[in-house]
Every structure is written in structure tokens, then in C-alpha cells.
file input-v5.tsv (TSV, C-alpha atoms)
chain	number	residue	atom	x	y	z
A	138	MET	CA	-14.31	28.15	-9.07
A	139	ASN	CA	-15.70	26.13	-6.15
A	140	ASN	CA	-17.00	22.58	-6.27
A	141	THR	CA	-20.18	21.69	-4.38
A	142	TYR	CA	-23.21	19.46	-4.90
A	143	LYS	CA	-26.39	19.96	-6.89
A	144	TYR	CA	-28.46	19.61	-3.71
A	145	GLN	CA	-27.53	20.41	-0.12
A	146	LEU	CA	-29.18	20.67	3.27
A	147	ASP	CA	-30.63	24.09	4.01
A	148	LYS	CA	-28.24	26.02	6.25
A	149	SER	CA	-30.90	28.40	7.55
A	150	SER	CA	-32.74	27.93	10.85
A	151	LYS	CA	-35.98	26.82	9.18
A	152	LYS	CA	-37.37	23.44	10.28
A	153	PHE	CA	-40.30	21.43	8.93
A	154	ARG	CA	-42.45	18.54	10.13
A	155	CYS	CA	-40.58	15.24	9.93
A	156	PRO	CA	-42.57	12.55	8.02
A	157	GLN	CA	-41.39	9.92	10.52
A	158	CYS	CA	-41.48	11.40	14.05
A	159	GLN	CA	-43.91	14.25	13.24
A	160	LYS	CA	-41.73	16.76	15.08
A	161	ASN	CA	-40.77	20.12	13.56
A	162	THR	CA	-37.17	19.01	13.22
A	163	LEU	CA	-36.78	18.28	9.50
A	164	VAL	CA	-34.05	20.13	7.60
A	165	LYS	CA	-34.99	20.14	3.94
A	166	TYR	CA	-32.68	19.82	0.96
A	167	ILE	CA	-32.46	22.78	-1.41
A	168	GLU	CA	-31.24	23.05	-5.01
A	169	THR	CA	-27.88	24.77	-4.65
A	170	GLU	CA	-28.16	27.13	-7.61
A	171	THR	CA	-31.84	28.18	-7.28
A	172	LYS	CA	-32.14	27.87	-3.47
A	173	HIS	CA	-35.55	26.21	-3.98
A	174	TYR	CA	-36.70	23.51	-1.54
A	175	LEU	CA	-37.14	19.98	-2.84
A	176	ASP	CA	-40.24	17.88	-2.04
A	177	HIS	CA	-41.49	17.90	1.55
A	178	HIS	CA	-40.17	14.42	2.38
A	179	ILE	CA	-36.60	15.04	1.15
A	180	GLY	CA	-34.50	16.03	4.13
A	181	ARG	CA	-32.87	14.97	7.40
A	182	CYS	CA	-34.34	14.96	10.90
A	183	ASP	CA	-32.27	16.76	13.52
A	184	ARG	CA	-33.24	14.12	16.07
A	185	GLU	CA	-30.49	11.81	14.83
A	186	GLY	CA	-30.38	9.73	18.01
A	187	LYS	CA	-34.13	9.22	18.41
A	188	CYS	CA	-35.53	9.43	14.87
A	189	ALA	CA	-32.64	9.25	12.38
A	190	TYR	CA	-34.87	9.98	9.38
A	191	HIS	CA	-32.80	10.93	6.34
A	192	PHE	CA	-34.15	10.90	2.78
A	193	THR	CA	-31.49	11.99	0.29
A	194	PRO	CA	-32.21	13.40	-3.20
A	195	LYS	CA	-31.36	11.32	-6.25
A	196	GLY	CA	-28.69	12.43	-8.69
A	197	ASN	CA	-26.83	14.58	-6.19
A	198	THR	CA	-23.73	15.07	-8.32
A	199	PRO	CA	-20.88	17.56	-7.83
A	200	ILE	CA	-21.23	20.86	-9.68
A	201	SER	CA	-19.06	23.93	-10.08
A	202	ILE	CA	-20.24	27.21	-8.63
A	203	LEU	CA	-18.71	30.40	-9.96
A	204	PRO	CA	-17.86	33.12	-7.46
A	205	GLU	CA	-20.09	36.22	-7.57
A	206	ASN	CA	-17.29	38.40	-8.96
A	207	TYR	CA	-16.43	35.90	-11.73
A	208	LYS	CA	-16.32	37.43	-15.20
A	209	PRO	CA	-15.83	34.98	-18.08
A	210	GLU	CA	-13.19	35.91	-20.63
A	211	ILE	CA	-14.64	37.14	-23.89
A	212	PRO	CA	-13.08	35.26	-26.82
A	213	THR	CA	-11.10	37.21	-29.39
A	214	TYR	CA	-11.71	36.65	-33.09
A	215	HIS	CA	-9.61	37.59	-36.09
A	216	LYS	CA	-10.67	40.39	-38.42
A	217	ASP	CA	-13.19	39.73	-41.19
A	218	ASP	CA	-10.55	40.20	-43.89
A	219	THR	CA	-8.26	37.49	-42.48
A	220	ILE	CA	-9.33	34.85	-45.01
A	221	ALA	CA	-8.67	37.19	-47.95
A	222	MET	CA	-5.45	38.48	-46.40
A	223	PHE	CA	-3.80	35.06	-46.33
A	224	GLY	CA	-5.62	33.46	-49.28
A	225	LYS	CA	-2.88	34.39	-51.77
A	226	ASN	CA	0.43	33.14	-53.17
A	227	HIS	CA	-0.64	29.50	-53.17
A	228	MET	CA	2.19	28.46	-55.47
A	229	GLU	CA	4.62	29.57	-52.76
A	230	ASN	CA	2.90	27.32	-50.22
A	231	ASN	CA	4.86	24.11	-49.54
A	232	PHE	CA	1.77	22.18	-48.49
A	233	ILE	CA	-0.04	23.12	-51.72
A	234	LEU	CA	3.00	22.08	-53.77
A	235	TYR	CA	2.94	18.73	-51.99
A	236	LEU	CA	-0.74	18.20	-52.82
A	237	LEU	CA	-0.11	18.93	-56.51
A	238	GLN	CA	2.19	15.89	-56.67
A	239	PHE	CA	-0.80	13.61	-56.09
A	240	PHE	CA	-3.96	15.41	-57.16
A	241	PRO	CA	-5.17	17.36	-60.23
A	242	SER	CA	-4.95	21.13	-59.88
A	243	VAL	CA	-8.76	21.40	-60.01
A	244	ASP	CA	-9.04	19.22	-56.88
A	245	VAL	CA	-6.32	21.16	-55.09
A	246	GLU	CA	-7.97	24.48	-55.94
A	247	GLU	CA	-11.25	23.12	-54.62
A	248	VAL	CA	-9.82	22.23	-51.20
A	249	ILE	CA	-7.98	25.56	-51.02
A	250	GLN	CA	-11.33	27.32	-51.28
A	251	LYS	CA	-13.20	24.75	-49.19
A	252	PHE	CA	-10.86	24.99	-46.19
A	253	PHE	CA	-9.63	28.58	-46.65
A	254	ILE	CA	-6.02	27.34	-46.85
A	255	GLY	CA	-3.74	30.33	-46.39
A	256	THR	CA	-0.10	31.17	-47.03
A	257	SER	CA	2.22	33.05	-44.70
A	258	ASN	CA	5.67	34.55	-45.20
A	259	HIS	CA	6.40	34.14	-41.50
A	260	TRP	CA	8.47	31.19	-42.72
A	261	LYS	CA	9.05	30.79	-46.44
A	262	GLY	CA	6.40	28.39	-47.78
A	263	ALA	CA	4.37	28.25	-44.53
A	264	THR	CA	0.70	27.26	-44.44
A	265	VAL	CA	-2.10	28.89	-42.44
A	266	PHE	CA	-4.90	26.61	-41.23
A	267	LEU	CA	-7.82	28.79	-40.16
A	268	GLN	CA	-10.41	27.62	-37.65
A	269	VAL	CA	-13.67	29.06	-38.97
A	270	ASP	CA	-17.18	28.58	-37.57
A	271	GLU	CA	-20.55	28.35	-39.33
A	272	CYS	CA	-20.83	32.15	-39.38
A	273	ILE	CA	-17.44	32.38	-41.15
A	274	THR	CA	-15.94	33.90	-38.03
A	275	VAL	CA	-12.23	33.15	-37.74
A	276	HIS	CA	-11.54	31.78	-34.26
A	277	ALA	CA	-7.87	31.00	-34.75
A	278	GLY	CA	-5.12	30.26	-37.22
A	279	LYS	CA	-2.24	27.80	-37.02
A	280	VAL	CA	0.88	28.64	-38.99
A	281	MET	CA	2.87	25.53	-39.94
A	282	LEU	CA	5.74	24.72	-42.26
A	283	TYR	CA	5.72	21.55	-44.37
A	284	ASP	CA	8.33	19.97	-46.60
A	285	ALA	CA	7.08	20.47	-50.16
A	286	TYR	CA	8.42	17.07	-51.24
A	287	THR	CA	7.58	14.73	-48.36
A	288	GLY	CA	4.55	16.55	-46.99
A	289	LYS	CA	5.93	16.14	-43.48
A	290	ARG	CA	6.12	18.94	-40.94
A	291	VAL	CA	9.49	20.66	-40.66
A	292	LYS	CA	10.74	20.10	-37.10
A	293	LYS	CA	14.46	20.92	-37.42
A	294	PRO	CA	16.27	22.91	-36.17
A	295	PHE	CA	12.98	23.55	-34.29
A	296	SER	CA	9.29	22.79	-34.71
A	297	TYR	CA	7.90	25.33	-37.18
A	298	ILE	CA	4.45	25.92	-35.72
A	299	SER	CA	2.82	29.01	-34.23
A	300	TRP	CA	-0.54	30.68	-33.72
A	301	LEU	CA	-1.59	33.38	-36.15
A	302	HIS	CA	-2.30	35.88	-33.37
A	303	ARG	CA	1.30	35.50	-32.22
A	304	VAL	CA	2.61	35.97	-35.74
A	305	LEU	CA	0.48	39.12	-36.05
A	306	HIS	CA	1.56	40.31	-32.58
A	307	ILE	CA	-2.02	40.66	-31.34
A	308	LYS	CA	-1.84	41.37	-27.62
A	309	ASP	CA	-4.23	39.86	-25.05
A	310	PHE	CA	-5.75	37.50	-27.61
A	311	VAL	CA	-8.27	35.21	-25.88
A	312	LEU	CA	-8.15	31.97	-27.86
A	313	GLN	CA	-11.35	29.94	-28.22
A	314	GLN	CA	-10.84	27.18	-30.74
A	315	CYS	CA	-13.34	25.41	-32.95
A	316	LEU	CA	-12.84	22.35	-35.13
A	317	PHE	CA	-10.87	22.93	-38.32
A	318	GLY	CA	-13.36	22.60	-41.18
A	319	PHE	CA	-16.36	23.22	-38.93
A	320	HIS	CA	-17.72	25.85	-41.33
A	321	ASN	CA	-18.34	23.08	-43.90
A	322	LEU	CA	-21.02	21.51	-41.70
A	323	CYS	CA	-23.68	23.57	-43.48
A	324	GLU	CA	-23.00	21.87	-46.83
A	325	SER	CA	-25.28	18.95	-45.88
A	326	ASP	CA	-27.74	18.02	-43.13
A	327	ILE	CA	-27.30	14.29	-43.66
A	328	LYS	CA	-23.61	13.69	-44.36
A	329	THR	CA	-21.56	11.88	-41.73
A	330	VAL	CA	-18.87	13.94	-40.02
A	331	GLY	CA	-15.37	12.43	-39.99
A	332	ILE	CA	-13.01	13.61	-37.26
A	333	VAL	CA	-9.22	13.30	-37.55
A	334	GLU	CA	-6.40	14.97	-35.67
A	335	SER	CA	-4.42	16.64	-38.46
A	336	GLU	CA	-5.65	19.52	-40.63
A	337	LYS	CA	-3.57	18.11	-43.47
A	338	THR	CA	-5.38	14.79	-43.17
A	339	ALA	CA	-8.85	16.37	-43.15
A	340	ILE	CA	-8.03	18.24	-46.36
A	341	ILE	CA	-6.66	15.20	-48.20
A	342	LEU	CA	-9.49	12.91	-47.08
A	343	SER	CA	-12.02	15.42	-48.40
A	344	ILE	CA	-10.65	14.62	-51.87
A	345	PHE	CA	-10.77	10.85	-51.36
A	346	ARG	CA	-14.17	10.69	-49.61
A	347	ARG	CA	-16.52	13.46	-50.65
A	348	ASP	CA	-19.48	11.76	-48.98
A	349	ILE	CA	-18.09	12.72	-45.56
A	350	ILE	CA	-17.62	16.18	-44.04
A	351	TRP	CA	-14.05	16.13	-42.72
A	352	MET	CA	-12.90	18.09	-39.70
A	353	ALA	CA	-9.75	18.10	-37.59
A	354	THR	CA	-9.14	18.64	-33.89
A	355	GLY	CA	-5.63	19.98	-34.49
A	356	SER	CA	-4.31	18.01	-31.54
A	357	LYS	CA	-4.94	14.77	-29.70
A	358	SER	CA	-6.27	16.57	-26.62
A	359	ASN	CA	-8.83	18.59	-28.61
A	360	PHE	CA	-10.99	15.52	-29.15
A	361	LYS	CA	-13.32	16.56	-26.34
A	362	SER	CA	-16.91	17.44	-25.56
A	363	LYS	CA	-16.37	21.21	-25.70
A	364	LEU	CA	-15.33	21.19	-29.36
A	365	LEU	CA	-17.66	18.39	-30.45
A	366	LYS	CA	-20.80	19.79	-28.81
A	367	PRO	CA	-22.04	21.52	-32.03
A	368	LEU	CA	-22.03	18.07	-33.69
A	369	GLN	CA	-24.27	16.41	-31.10
A	370	ASP	CA	-27.11	15.87	-33.59
A	371	ARG	CA	-24.87	14.51	-36.35
A	372	LYS	CA	-23.48	11.07	-37.07
A	373	ILE	CA	-19.76	11.13	-36.24
A	374	ILE	CA	-16.91	8.74	-37.00
A	375	ALA	CA	-13.58	9.45	-35.31
A	376	PHE	CA	-10.33	8.25	-36.89
A	377	PRO	CA	-7.57	8.52	-34.26
A	378	ASP	CA	-3.91	8.31	-35.18
A	379	LYS	CA	-2.12	4.99	-34.76
A	380	THR	CA	-1.80	4.06	-31.02
A	381	GLU	CA	-4.28	6.78	-29.98
A	382	PHE	CA	-7.40	4.60	-30.27
A	383	GLN	CA	-7.77	3.89	-26.54
A	384	ASP	CA	-7.86	7.56	-25.54
A	385	TRP	CA	-10.23	8.67	-28.29
A	386	ASN	CA	-12.48	5.64	-27.88
A	387	LYS	CA	-12.82	6.40	-24.16
A	388	THR	CA	-13.99	9.92	-25.00
A	389	ALA	CA	-16.33	8.59	-27.71
A	390	LYS	CA	-17.97	6.23	-25.21
A	391	GLN	CA	-18.52	9.10	-22.77
A	392	LEU	CA	-20.09	11.20	-25.52
A	393	LYS	CA	-22.29	8.30	-26.60
A	394	LYS	CA	-23.75	8.16	-23.08
A	395	LYS	CA	-24.70	11.82	-23.53
A	396	GLY	CA	-26.66	11.03	-26.68
A	397	TYR	CA	-24.04	11.49	-29.38
A	398	SER	CA	-24.16	9.22	-32.42
A	399	ILE	CA	-20.43	8.58	-32.47
A	400	THR	CA	-18.11	5.68	-33.20
A	401	CYS	CA	-14.33	5.41	-33.06
A	402	SER	CA	-12.59	3.58	-35.89
A	403	HIS	CA	-10.07	0.86	-34.99
A	404	LEU	CA	-8.79	0.71	-38.58
A	405	LEU	CA	-5.27	2.08	-38.10
A	406	GLU	CA	-4.53	-0.17	-35.12
A	407	SER	CA	-4.72	-3.20	-37.43
A	408	LEU	CA	-2.41	-1.75	-40.10
A	409	ASP	CA	1.38	-1.91	-40.30
A	410	LEU	CA	2.02	1.74	-39.52
A	411	ASP	CA	4.29	3.63	-37.15
A	412	ALA	CA	2.99	5.17	-33.93
A	413	GLY	CA	1.39	8.51	-34.72
A	414	ASP	CA	0.70	7.70	-38.38
A	415	ASP	CA	-2.76	8.48	-39.73
A	416	LEU	CA	-4.97	7.72	-42.73
A	417	VAL	CA	-2.85	9.81	-45.10
A	418	ASP	CA	0.21	7.71	-44.27
A	419	PHE	CA	-1.85	4.70	-45.35
A	420	LEU	CA	-3.42	6.24	-48.47
A	421	LEU	CA	-0.47	8.12	-49.99
A	422	PRO	CA	2.98	6.70	-50.72
A	423	SER	CA	5.64	7.88	-48.32
A	424	LYS	CA	8.43	9.99	-49.77
A	425	LYS	CA	11.79	10.14	-48.07
A	426	VAL	CA	14.52	12.67	-48.66
A	427	ALA	CA	17.58	10.99	-50.19
call {"tool": "encode", "arguments": {"input": "input-v5.tsv", "output": "C-alpha cells"}}
result
Amino acid sequence: MNNTYKYQLDKSSKKFRCPQCQKNTLVKYIETETKHYLDHHIGRCDREGKCAYHFTPKGNTPISILPENYKPEIPTYHKDDTIAMFGKNHMENNFILYLLQFFPSVDVEEVIQKFFIGTSNHWKGATVFLQVDECITVHAGKVMLYDAYTGKRVKKPFSYISWLHRVLHIKDFVLQQCLFGFHNLCESDIKTVGIVESEKTAIILSIFRRDIIWMATGSKSNFKSKLLKPLQDRKIIAFPDKTEFQDWNKTAKQLKKKGYSITCSHLLESLDLDAGDDLVDFLLPSKKVA
């Protein structure tokens, strides 16, 4: 991929009448992608020493030009039966068992269905978080292992996290993520969208605050324009983890300039929490293994 500018001087031998010296020495600017000439007065006179006329186009920003032989990768999606395939054995799911310590079974069953929470035997008790779009197409799945008592991720002797396509040994899988919970956007045209980092947090907050459609980025770096673009016409509130406010707020400000109705909550920065903690760490009592 090559970087160039939106407008550039015509590289052909064509010359036009210069508005200043009236000689046929004006090189016009063209739009790089369409090759169309701009207005007659936008260009540079070749008589730099005697005339020096140069009228530059406004908004001449860098753009990326794809080479002629460029072929974009076609994203891979999981099979239509993926949701049903992993939507079983919930009582063997450590994350579900953790939720049942705090919430009635009817609420837990509701979020299981709402977020298509799956169970995997890749690790005993593992959870599958499926990234599903508005057409109920499964873009991706994250397989994670939680402690059924503390609700924390199991990270010893290693971090128990993988992608579903790796667990299923799908070769040449072209991953194109979407927000976790994105498929729930269709439940209301007026509800505010709440964005958090953790899938676990989005699920739990959907029980506490049903007036908000909760989604998760799945990682700090996924709070970006590419994933948030489908939400451009919605009101968005981002809730970054403790100490991550500066990074997310910077992105939110950039999106706001593009017309997004988005704010970034500073709530966790003012609370006595550890770095990396989120709203669930504030709302639910912490349990420690004896």
C-alpha cells in the first residue's frame, strides 16, 4: 500500500493558460484517484522565476493508494450451527457458575441466551464468547477459562485463552472481529450503547443496567474506529478500565470530530481500584481464594 496525496500536479505534458501571466504554462492539479482536473485556477505556473503563480487545493491530505494487483482478504466466518454447537452444558461452565453466586437463575439464563454464551471442553469449564453481528453471523469466538469461585481469568500455569478457529483447527481462517454483543443493537433504536473492554463485564452490566445495550471490545486496542463505525448514529458511552481513560478518551475525541455522539466515562479513575479493574470489580464483592 502506497501513501500519496488526495490531489497532485498533473504529470502529463498538458499545459493550460496561467491566470496570472496568461501564458500556456499552467500545470493543473488533478484528483489522484479519479484523475479529474480541479478548477481552472488551481495549479502551478512553470515559469517559476518570472511568474511564480501557485494556487494549491484545500484539504490536500495524505491517502493510501492500493496497488493494481491488490486483492483484499475475504473474511472467514464460523458455520451457522456454531451457536447451537457450543450453547450446551452450561452447568459445566465456570463463568456461569460464578454468575449464579450473585444473580437469580432466571437472570443468568437470560444473559446466556442474550449473548450466546457457549461452553467448551477445550479446557474443563471453559467459556466461549462469540462475536456475532446483526445478521447473526459468527465472526469469531474467544475461548477463555475462569475460576468458578472468584470469577477471575485463570492465568497459571499459563493464560487460558484462545480463538475458537484455533481450537477447531480451521486452517487459513481470516479473522475479522466485531464488537461482542453487537447483535443486540437491533433490540432498540433509542437505547444508549455502553462500551467496555471485557466480555464478562458487558454481560454482568446488562443485568444491572437494562436501559443500556452493552458491548465489549475484547481488548484495549479494539476501541477503534473500525469496530465502532456501525455505531456512528447511536449515542455511545465508553467505560475504560482503571488507568486506561487517557487512551480511550483520546480515541473518543477523534471519533467525536467525525460526528460520533460519544463520551468517555472518568468514573473508575476516581475510585479506589487497582490498575486494570473495571466496573464489575466495583459492583461485585471481590472473592479471594484462601
call {"tool": "closest_residue", "arguments": {"input": "input-v5.tsv", "among": "A:Leu322, A:Ala353, A:Ser402, A:Thr198", "to": "Asp370 of chain A", "atoms": "only C-alpha atoms"}}
result
A:Leu322
call {"tool": "residues_near_point", "arguments": {"input": "input-v5.tsv", "point": "(-36.2, 18.9, 17.2)", "cutoff": "6 Å", "atoms": "all atoms listed in the file", "output": "list of chain:residue names"}}
result
A:Asn161, A:Thr162, A:Asp183, A:Arg184
call {"tool": "atom_distance", "arguments": {"input": "input-v5.tsv", "atom1": "atom CA of Lys308 of chain A", "atom2": "atom CA of Glu210 of chain A"}}
result
14.4 Å
call {"tool": "residues_around", "arguments": {"input": "input-v5.tsv", "residues": "Ser149 of chain A", "least_positions_apart": "5", "cutoff": "12 Å", "atoms": "all atoms listed in the file", "output": "count of residues only"}}
result
7
call {"tool": "closest_residue", "arguments": {"input": "input-v5.tsv", "among": "A:Lys148, A:His227, A:His302, A:Lys143", "to": "Thr213 of chain A", "atoms": "all atoms listed in the file"}}
result
A:His302
call {"tool": "residues_near_point", "arguments": {"input": "input-v5.tsv", "point": "(-12.1, 26.2, -47.4)", "cutoff": "12 Å", "atoms": "only C-alpha atoms", "output": "PyMOL selection string"}}
result
chain A and resi 220-221+224+245-255+265-271+273+275+317-322+324+336+339-340+343+350-352
call {"tool": "closest_residue", "arguments": {"input": "input-v5.tsv", "among": "A:Phe240, A:Gly186, A:Ile211, A:Pro194", "to": "Glu168 of chain A", "atoms": "all atoms listed in the file"}}
result
A:Pro194
call {"tool": "closest_residue", "arguments": {"input": "input-v5.tsv", "among": "A:Lys395, A:Lys363, A:Lys261, A:Lys216", "to": "Thr274 of chain A", "atoms": "only C-alpha atoms"}}
result
A:Lys216
call {"tool": "atom_distance", "arguments": {"input": "input-v5.tsv", "atom1": "atom CA of Ala277 of chain A", "atom2": "atom CA of Asn258 of chain A"}}
result
17.5 Å
call {"tool": "atom_distance", "arguments": {"input": "input-v5.tsv", "atom1": "atom CA of Thr193 of chain A", "atom2": "atom CA of Gln159 of chain A"}}
result
18.1 Å
call {"tool": "closest_residue", "arguments": {"input": "input-v5.tsv", "among": "A:Val243, A:Leu305, A:Ala389, A:Cys158", "to": "Pro377 of chain A", "atoms": "all atoms listed in the file"}}
result
A:Ala389
call {"tool": "residues_around", "arguments": {"input": "input-v5.tsv", "residues": "segment 406-409 of chain A", "least_positions_apart": "3", "cutoff": "12 Å", "atoms": "all atoms listed in the file", "output": "compact mmCIF listing (two decimals) with C-alpha atoms, in the coordinates of the input"}}
result
# COMPACT_ATOMS: atom_id res chain seq x y z
CA PHE A 376 -10.33 8.25 -36.89
CA PRO A 377 -7.57 8.52 -34.26
CA ASP A 378 -3.91 8.31 -35.18
CA LYS A 379 -2.12 4.99 -34.76
CA THR A 380 -1.80 4.06 -31.02
CA GLU A 381 -4.28 6.78 -29.98
CA PHE A 382 -7.40 4.60 -30.27
CA GLN A 383 -7.77 3.89 -26.54
CA CYS A 401 -14.33 5.41 -33.06
CA SER A 402 -12.59 3.58 -35.89
CA HIS A 403 -10.07 0.86 -34.99
CA ALA A 412 2.99 5.17 -33.93
CA GLY A 413 1.39 8.51 -34.72
CA ASP A 414 0.70 7.70 -38.38
CA ASP A 415 -2.76 8.48 -39.73
CA LEU A 416 -4.97 7.72 -42.73
CA ASP A 418 0.21 7.71 -44.27
CA PHE A 419 -1.85 4.70 -45.35
CA LEU A 420 -3.42 6.24 -48.47
call {"tool": "closest_residue", "arguments": {"input": "input-v5.tsv", "among": "A:Lys279, A:Ile344, A:Lys390, A:Glu170", "to": "Pro241 of chain A", "atoms": "only C-alpha atoms"}}
result
A:Ile344
